[in-house]
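Accompanying notes for the structure given below.
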Amino acid sequence: MKSPTPIRVECHSGYKADEYPKCFYLNENKYEIKEIADRWYQGDANPEYPVTNYFKVVTVSGERFILKHEVEKDEWYMI
């Protein structure tokens with residue numbers, strides 16, 4: 001299994017900070033997000049795993065990625 005790749009993400013902040021990703025940067029390339037195809041959460045039930053948000057995104061060029069946001073550390077990864 002491949003290790004998660006750290007990325008930089010720009011987010012929409014609405015009723016809460018970092019509500020959902022708008023774009024992300026990987027290897028100096030910017031990927032604009034056209035659609036969030038799915039979203040799910042991890043955490044609270046098992047303290048061994050950090051509270052995490054996952055987003056399956058589709059870019060404007062049609063590529064699909066899964067992004068992971070570790071909430072407490074405010075760190076983003078592509079998995």
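By convention in this document, the chains of the structure tokens carry letters A, B, ... by their order, each chain's residues are numbered from 1, and ligands are numbered from 1 in the order they are shown.
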
Can I get the residues of range 1-63 of chain A within 8 Å of range 71-75 of chain A, each with the closest pair of atoms and their distance in Å to one decimal, using only C-alpha atoms, sorted chain first then ascending number, as a Markdown table?
```
| residue | atom | partner | partner_atom | distance |
| --- | --- | --- | --- | --- |
| A:Pro6 | CA | A:Glu75 | CA | 7.6 |
| A:Pro50 | CA | A:Glu72 | CA | 7.5 |
| A:Val51 | CA | A:Val71 | CA | 5.9 |
| A:Thr52 | CA | A:Val71 | CA | 5.7 |
| A:Asn53 | CA | A:Val71 | CA | 7.2 |
```

Writing out the chosen residues with N, CA and C atoms as a PDB file, in the first residue's frame:
```
ATOM      1  N   PRO A   6       1.770  14.135   1.345  1.00  0.00           N
ATOM      2  CA  PRO A   6       1.353  15.446   1.863  1.00  0.00           C
ATOM      3  C   PRO A   6       1.076  16.415   0.716  1.00  0.00           C
ATOM      4  N   PRO A  50      -7.032   9.255  14.452  1.00  0.00           N
ATOM      5  CA  PRO A  50      -7.370  10.680  14.563  1.00  0.00           C
ATOM      6  C   PRO A  50      -8.661  11.008  13.820  1.00  0.00           C
ATOM      7  N   VAL A  51      -9.334  12.074  14.252  1.00  0.00           N
ATOM      8  CA  VAL A  51     -10.521  12.551  13.550  1.00  0.00           C
ATOM      9  C   VAL A  51     -10.075  13.000  12.164  1.00  0.00           C
ATOM     10  N   THR A  52     -10.684  12.412  11.148  1.00  0.00           N
ATOM     11  CA  THR A  52     -10.244  12.632   9.769  1.00  0.00           C
ATOM     12  C   THR A  52     -11.440  12.762   8.843  1.00  0.00           C
ATOM     13  N   ASN A  53     -11.333  13.694   7.888  1.00  0.00           N
ATOM     14  CA  ASN A  53     -12.319  13.840   6.824  1.00  0.00           C
ATOM     15  C   ASN A  53     -11.694  13.339   5.532  1.00  0.00           C
TER      16      ASN A  53
END
```

> Which polymer residues have any atom within 12 Å of an atom of Arg39 in chain A, counting only C-alpha atoms, with same-chain residues fewer than 4 positions away left out, as a PyMOL selection string?
Replying inline: chain A and resi 19-21+35+52-57+65-69

Based on the selection just made, write C-alpha atoms of those residues as a short mmCIF file (atom, residue, chain, number, x, y, z; two decimals), in the first residue's frame.
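Below is the file that was written, result_7.cif:
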```
data_model
loop_
_atom_site.label_atom_id
_atom_site.label_comp_id
_atom_site.auth_asym_id
_atom_site.auth_seq_id
_atom_site.Cartn_x
_atom_site.Cartn_y
_atom_site.Cartn_z
CA GLU A 19 -15.39 22.97 5.24
CA TYR A 20 -14.32 21.39 1.93
CA PRO A 21 -11.38 21.61 -0.50
CA GLU A 35 -16.90 18.23 -7.82
CA THR A 52 -10.24 12.63 9.77
CA ASN A 53 -12.32 13.84 6.82
CA TYR A 54 -12.01 12.13 3.45
CA PHE A 55 -13.05 13.63 0.12
CA LYS A 56 -13.29 11.86 -3.23
CA VAL A 57 -12.84 14.72 -5.69
CA PHE A 65 -8.36 11.74 -6.26
CA ILE A 66 -9.01 10.90 -2.63
CA LEU A 67 -7.95 13.61 -0.19
CA LYS A 68 -7.51 13.07 3.54
CA HIS A 69 -7.68 15.87 6.15
#
```

>> Can you pull out the residues contacting Ser61 in chain A? Cut-off 10 Å, using only C-alpha atoms, and skip same-chain residues under 6 positions away; I want them as a PyMOL selection string.
In response: chain A and resi 31-34

> Among chain A, which residues carry a DSSP assignment of strand (DSSP E or B), reported as a ChimeraX atom specification?
Replying inline: /A:5-12,20-26,29-42,52-59,64-70,75-78
